[in-house]
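See structure below.
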Amino acid sequence: IEEIIMLSKLQIDAIKPTSKLQKINDSEMLYLFVSPTGRKTWKVLYTLDGKKNTITLGEYPKVLNAKDARLRRDEIKKQISEGIHPTEQKRQDKIKDLSEMSFADLIQLYAEKVTPHKRGGRVETVILSSYIKSFPRLMKKPVNQLGQLDMIQFRDDRLKKVKSATVARDLGLLSAVFKYARQELRIMSSSPLDDVAKPKQSVSRNRRISQDEIARILEAFKYDGRSQPITKKQQTAWAFLFAIETAMRASEITGLKWADVYDKHVELELTKNGAARKVPLSKRAIELLSYMRGIDEIDVCTLKNKVADGETGRGGLSAYFTQVVKGKLKINDLTFHDTRHEAISRMVKNAKLPVEVLAKITGHKTISILINTYYNPDIEELANHLHKEDDPDIILFKRSI
């Protein structure tokens, strides 16, 4: 049983901020949180259905004094005793008519109810929050007043800041939000995205990585490719080489655990398309993995691929790569993802892998994307095929189309 303290106004006003957040108990379930900046906020901490929950009441004294905070706490206790979830009740009190909820409320509801159950939920939450922050006027608009012109404006404004491929993903995510509003909440009869054209996609990249570029990149990262990478930037160079050998994505490399590494393959439980897959290892890939032994007991690579607003954040694998390759070496047209193109093209040329086997390695569900986007043979290779009708490469190419 919690001791009833009942902070007085003099006691509350006398609380001074410290370098850490302070949590001070007032009475049953009611706490005053004092931030390092001196802000004082009333919060109720409670347990319902075996789960701990927090509900913020408001700032002291701007929103609630001690007496009002305790009255609000008593209301919450009554809701809990009646089996009502206070946070849900708070939302219902705020949105009396779901059909009139704001666009921001809809996105927040989707982020709470749907996003946590998706594989990329953490990243999606960040992206959805960025919409609310970046489009305040649009987000205040009631859902039942959203129209195609709003979405066209959203699309065009985003295109001024990010690439067309990112905007296409934005529209896909918002389409899922509107689908939730139609099918689950029943507050929309149609989607504001209907008949809104997606941005034109850029031409598929055809970027190969030369041996000279690989040598320059290793030199810039001060890594020889034949020893244990000590620094994070050396690990970036190691990951670059490992990606060329395996066609694994940056996120797959940074998420790889030693428990998923076997003698001749690695197992990826979570991938971009949501399906697990096994990636066979070449002799060079096995050699590269051996250099990482002893750095960490759990993670193969201690770097992470941080994400914010749908883009790579600071301090991650792709960020280090961009910093050196584009910033120092001025190779402006090369991205870490180009290693996937290079790896796939090498597998076709060197290992003579049939396209259906290659798709198992890379995780592509659509063969046409694998062939048209990621297989980028040099023109000299194709020219040579014309003179070798029985060459395995030309047979593979014929089988693919």
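Each chain of the structure tokens is named A, B, ... in the order shown, its residues numbered from 1; ligands are numbered from 1 in display order.
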
- Task: Report the residues of segment 184-279 of chain A whose backbone DSSP state falls under strand (DSSP E), written as number ranges by chain.
- Result: A: 265-268, 277-279

- What are the DSSP alpha helix (DSSP H) residues of segment 152-347 of chain A, as a PyMOL selection string? chain A and resi 152-159+164-183+211-221+232-246+250-254+283-291+317-322+338-346

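Taking atom CA of Asp299 of chain A and atom CA of Lys257 of chain A as endpoints, the distance between them is 4.6 Å.
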
- Message: Residues within 6 Å of segment 239-249 of chain A, please, as a list in words. Count only C-alpha atoms; anything in the same chain fewer than 5 positions from it doesn't count.
- Response: Ala285, Thr339, Arg340 and Ala343 of chain A

Those residues you just picked out, can you put them in a file as a PDB file, in the first residue's frame with all heavy atoms?
```pdb
ATOM      1  N   ALA A 285      33.894 -14.785 -48.296  1.00  0.00           N
ATOM      2  CA  ALA A 285      32.964 -14.330 -47.269  1.00  0.00           C
ATOM      3  C   ALA A 285      33.257 -15.009 -45.934  1.00  0.00           C
ATOM      4  O   ALA A 285      33.206 -14.372 -44.875  1.00  0.00           O
ATOM      5  CB  ALA A 285      31.528 -14.612 -47.697  1.00  0.00           C
ATOM      6  N   THR A 339      26.504  -2.166 -53.715  1.00  0.00           N
ATOM      7  CA  THR A 339      27.210  -3.428 -53.516  1.00  0.00           C
ATOM      8  C   THR A 339      26.311  -4.603 -53.864  1.00  0.00           C
ATOM      9  O   THR A 339      26.787  -5.666 -54.270  1.00  0.00           O
ATOM     10  CB  THR A 339      27.681  -3.574 -52.051  1.00  0.00           C
ATOM     11  OG1 THR A 339      26.540  -3.482 -51.173  1.00  0.00           O
ATOM     12  CG2 THR A 339      28.672  -2.477 -51.690  1.00  0.00           C
ATOM     13  N   ARG A 340      25.005  -4.424 -53.683  1.00  0.00           N
ATOM     14  CA  ARG A 340      24.048  -5.493 -54.000  1.00  0.00           C
ATOM     15  C   ARG A 340      24.009  -5.736 -55.504  1.00  0.00           C
ATOM     16  O   ARG A 340      23.967  -6.883 -55.956  1.00  0.00           O
ATOM     17  CB  ARG A 340      22.669  -5.096 -53.466  1.00  0.00           C
ATOM     18  CG  ARG A 340      21.651  -6.219 -53.407  1.00  0.00           C
ATOM     19  CD  ARG A 340      20.599  -5.869 -52.387  1.00  0.00           C
ATOM     20  NE  ARG A 340      19.351  -6.588 -52.564  1.00  0.00           N
ATOM     21  CZ  ARG A 340      19.099  -7.810 -52.102  1.00  0.00           C
ATOM     22  NH1 ARG A 340      20.046  -8.475 -51.467  1.00  0.00           N
ATOM     23  NH2 ARG A 340      17.926  -8.388 -52.275  1.00  0.00           N
ATOM     24  N   ALA A 343      27.363  -7.463 -56.338  1.00  0.00           N
ATOM     25  CA  ALA A 343      27.416  -8.855 -55.889  1.00  0.00           C
ATOM     26  C   ALA A 343      26.598  -9.763 -56.798  1.00  0.00           C
ATOM     27  O   ALA A 343      27.052 -10.853 -57.191  1.00  0.00           O
ATOM     28  CB  ALA A 343      26.904  -8.956 -54.455  1.00  0.00           C
TER      29      ALA A 343
END
```

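Nearest residue to Lys160 of chain A among A:Ala276, A:Pro199, A:Leu138, A:Arg207 is A:Pro199, counting only C-alpha atoms.
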
- Message: Neighbouring residues of Arg39 of chain A were defined as those with any atom within 9 Å, considering only C-alpha atoms; residues of the same chain fewer than 4 positions away were excluded. Please report them as a list in words.
- Response: Pro17, Phe33, Val34, Ser35, Glu59 and Tyr60 of chain A

- Query: Which of these residues is nearest to Ile132 of chain A, using only C-alpha atoms: A:Gly50, A:Ala104, A:Gln323, A:Arg277?
  - Reply: A:Ala104

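Counting from atom CA of Lys304 of chain A, the distance to atom CA of Lys278 of chain A is 20.9 Å.
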
- In terms of only C-alpha atoms, the residue from A:Lys113, A:Arg186, A:His85, A:Arg216 at minimal distance from Leu98 of chain A is A:Arg186

- Give the answer as one residue: which of A:Ser129, A:Thr37, A:Gln211, A:Asn305 has the shortest atom-to-atom distance to Leu21 of chain A, using only C-alpha atoms? A:Thr37

- Item | Residues near Met188 of chain A, cut-off 12 Å, only C-alpha atoms, skip fewer than 6 positions along chain, as a VMD selection string | chain A and resid 98 to 101 103 106 142 to 147 177 to 182

Given the selection you just returned, output its residues as a file containing N, CA, C and O atoms, formatted as a PDB file, in the first residue's frame.
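result_36.pdb was written with the following content:
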```
ATOM      1  N   LEU A  98     -15.492  10.158 -34.259  1.00  0.00           N
ATOM      2  CA  LEU A  98     -14.352   9.669 -35.030  1.00  0.00           C
ATOM      3  C   LEU A  98     -14.322  10.222 -36.446  1.00  0.00           C
ATOM      4  O   LEU A  98     -13.260  10.418 -37.023  1.00  0.00           O
ATOM      5  N   SER A  99     -15.471  10.484 -36.981  1.00  0.00           N
ATOM      6  CA  SER A  99     -15.504  10.977 -38.353  1.00  0.00           C
ATOM      7  C   SER A  99     -14.938  12.386 -38.467  1.00  0.00           C
ATOM      8  O   SER A  99     -14.639  12.851 -39.556  1.00  0.00           O
ATOM      9  N   GLU A 100     -14.797  13.059 -37.320  1.00  0.00           N
ATOM     10  CA  GLU A 100     -14.261  14.412 -37.329  1.00  0.00           C
ATOM     11  C   GLU A 100     -12.846  14.468 -36.755  1.00  0.00           C
ATOM     12  O   GLU A 100     -12.317  15.552 -36.506  1.00  0.00           O
ATOM     13  N   MET A 101     -12.239  13.315 -36.518  1.00  0.00           N
ATOM     14  CA  MET A 101     -10.871  13.316 -35.993  1.00  0.00           C
ATOM     15  C   MET A 101      -9.929  13.956 -37.007  1.00  0.00           C
ATOM     16  O   MET A 101     -10.166  13.930 -38.221  1.00  0.00           O
ATOM     17  N   PHE A 103      -6.349  14.522 -39.139  1.00  0.00           N
ATOM     18  CA  PHE A 103      -5.448  13.630 -39.862  1.00  0.00           C
ATOM     19  C   PHE A 103      -4.363  13.136 -38.903  1.00  0.00           C
ATOM     20  O   PHE A 103      -3.977  11.955 -38.933  1.00  0.00           O
ATOM     21  N   LEU A 106      -5.668  10.360 -36.698  1.00  0.00           N
ATOM     22  CA  LEU A 106      -5.775   9.101 -37.452  1.00  0.00           C
ATOM     23  C   LEU A 106      -4.420   8.434 -37.561  1.00  0.00           C
ATOM     24  O   LEU A 106      -4.287   7.223 -37.346  1.00  0.00           O
ATOM     25  N   PRO A 142      -9.643  17.837 -40.494  1.00  0.00           N
ATOM     26  CA  PRO A 142     -10.449  16.648 -40.195  1.00  0.00           C
ATOM     27  C   PRO A 142     -10.351  15.619 -41.320  1.00  0.00           C
ATOM     28  O   PRO A 142     -10.290  15.992 -42.501  1.00  0.00           O
ATOM     29  N   VAL A 143     -10.345  14.357 -40.938  1.00  0.00           N
ATOM     30  CA  VAL A 143     -10.205  13.290 -41.930  1.00  0.00           C
ATOM     31  C   VAL A 143     -11.303  13.351 -42.978  1.00  0.00           C
ATOM     32  O   VAL A 143     -11.063  13.118 -44.164  1.00  0.00           O
ATOM     33  N   ASN A 144     -12.523  13.687 -42.545  1.00  0.00           N
ATOM     34  CA  ASN A 144     -13.630  13.689 -43.501  1.00  0.00           C
ATOM     35  C   ASN A 144     -13.584  14.871 -44.465  1.00  0.00           C
ATOM     36  O   ASN A 144     -14.434  15.000 -45.332  1.00  0.00           O
ATOM     37  N   GLN A 145     -12.552  15.733 -44.313  1.00  0.00           N
ATOM     38  CA  GLN A 145     -12.397  16.852 -45.243  1.00  0.00           C
ATOM     39  C   GLN A 145     -11.163  16.703 -46.131  1.00  0.00           C
ATOM     40  O   GLN A 145     -10.886  17.562 -46.958  1.00  0.00           O
ATOM     41  N   LEU A 146     -10.435  15.609 -45.946  1.00  0.00           N
ATOM     42  CA  LEU A 146      -9.251  15.377 -46.781  1.00  0.00           C
ATOM     43  C   LEU A 146      -9.667  15.042 -48.207  1.00  0.00           C
ATOM     44  O   LEU A 146     -10.620  14.295 -48.422  1.00  0.00           O
ATOM     45  N   GLY A 147      -8.927  15.589 -49.167  1.00  0.00           N
ATOM     46  CA  GLY A 147      -9.234  15.323 -50.570  1.00  0.00           C
ATOM     47  C   GLY A 147      -7.988  15.078 -51.391  1.00  0.00           C
ATOM     48  O   GLY A 147      -6.857  15.112 -50.883  1.00  0.00           O
ATOM     49  N   VAL A 177      -2.819   3.675 -44.147  1.00  0.00           N
ATOM     50  CA  VAL A 177      -3.519   4.411 -43.080  1.00  0.00           C
ATOM     51  C   VAL A 177      -4.977   4.638 -43.471  1.00  0.00           C
ATOM     52  O   VAL A 177      -5.895   4.427 -42.666  1.00  0.00           O
ATOM     53  N   PHE A 178      -5.202   5.054 -44.719  1.00  0.00           N
ATOM     54  CA  PHE A 178      -6.574   5.301 -45.184  1.00  0.00           C
ATOM     55  C   PHE A 178      -7.376   4.000 -45.287  1.00  0.00           C
ATOM     56  O   PHE A 178      -8.588   3.977 -45.053  1.00  0.00           O
ATOM     57  N   LYS A 179      -6.701   2.921 -45.625  1.00  0.00           N
ATOM     58  CA  LYS A 179      -7.369   1.626 -45.679  1.00  0.00           C
ATOM     59  C   LYS A 179      -7.845   1.231 -44.287  1.00  0.00           C
ATOM     60  O   LYS A 179      -8.953   0.697 -44.107  1.00  0.00           O
ATOM     61  N   TYR A 180      -7.029   1.494 -43.275  1.00  0.00           N
ATOM     62  CA  TYR A 180      -7.397   1.229 -41.881  1.00  0.00           C
ATOM     63  C   TYR A 180      -8.611   2.070 -41.498  1.00  0.00           C
ATOM     64  O   TYR A 180      -9.540   1.582 -40.833  1.00  0.00           O
ATOM     65  N   ALA A 181      -8.620   3.335 -41.938  1.00  0.00           N
ATOM     66  CA  ALA A 181      -9.748   4.228 -41.625  1.00  0.00           C
ATOM     67  C   ALA A 181     -11.039   3.738 -42.276  1.00  0.00           C
ATOM     68  O   ALA A 181     -12.120   3.867 -41.703  1.00  0.00           O
ATOM     69  N   ARG A 182     -10.917   3.151 -43.475  1.00  0.00           N
ATOM     70  CA  ARG A 182     -12.098   2.669 -44.194  1.00  0.00           C
ATOM     71  C   ARG A 182     -12.586   1.333 -43.653  1.00  0.00           C
ATOM     72  O   ARG A 182     -13.770   1.170 -43.365  1.00  0.00           O
TER      73      ARG A 182
END
```

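Every protein or nucleic acid residue with an atom no more than 9 Å from Trp42 of chain A, counting only C-alpha atoms and leaving out same-chain residues fewer than 2 positions away, appears here: Leu30, Tyr31, Leu32, Phe33, Lys40, Val44, Ile55, Thr56, Leu57, Gly58, Glu59, Tyr60, Leu64, Asn65, Ala66 and Ala69 of chain A.
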
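Comparing A:Asn206, A:Pro192, A:Arg169, A:Val123 by their smallest distance to Gln153 of chain A, the closest is A:Pro192 (using only C-alpha atoms).
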
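Distances from A:Met29, A:Ile217, A:Met6, A:Leu173 to Glu75 of chain A were compared using only C-alpha atoms, and the smallest one belongs to A:Met29.
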
- Might you pull out every residue within 10 Å of Tyr131 of chain A, with only C-alpha atoms counted and same-chain residues fewer than 3 positions away left off, and present them as JSON, numbers by chain? {"A": [104, 107, 126, 127, 128, 134, 135, 136, 138, 139, 154, 158, 170, 174, 309]}
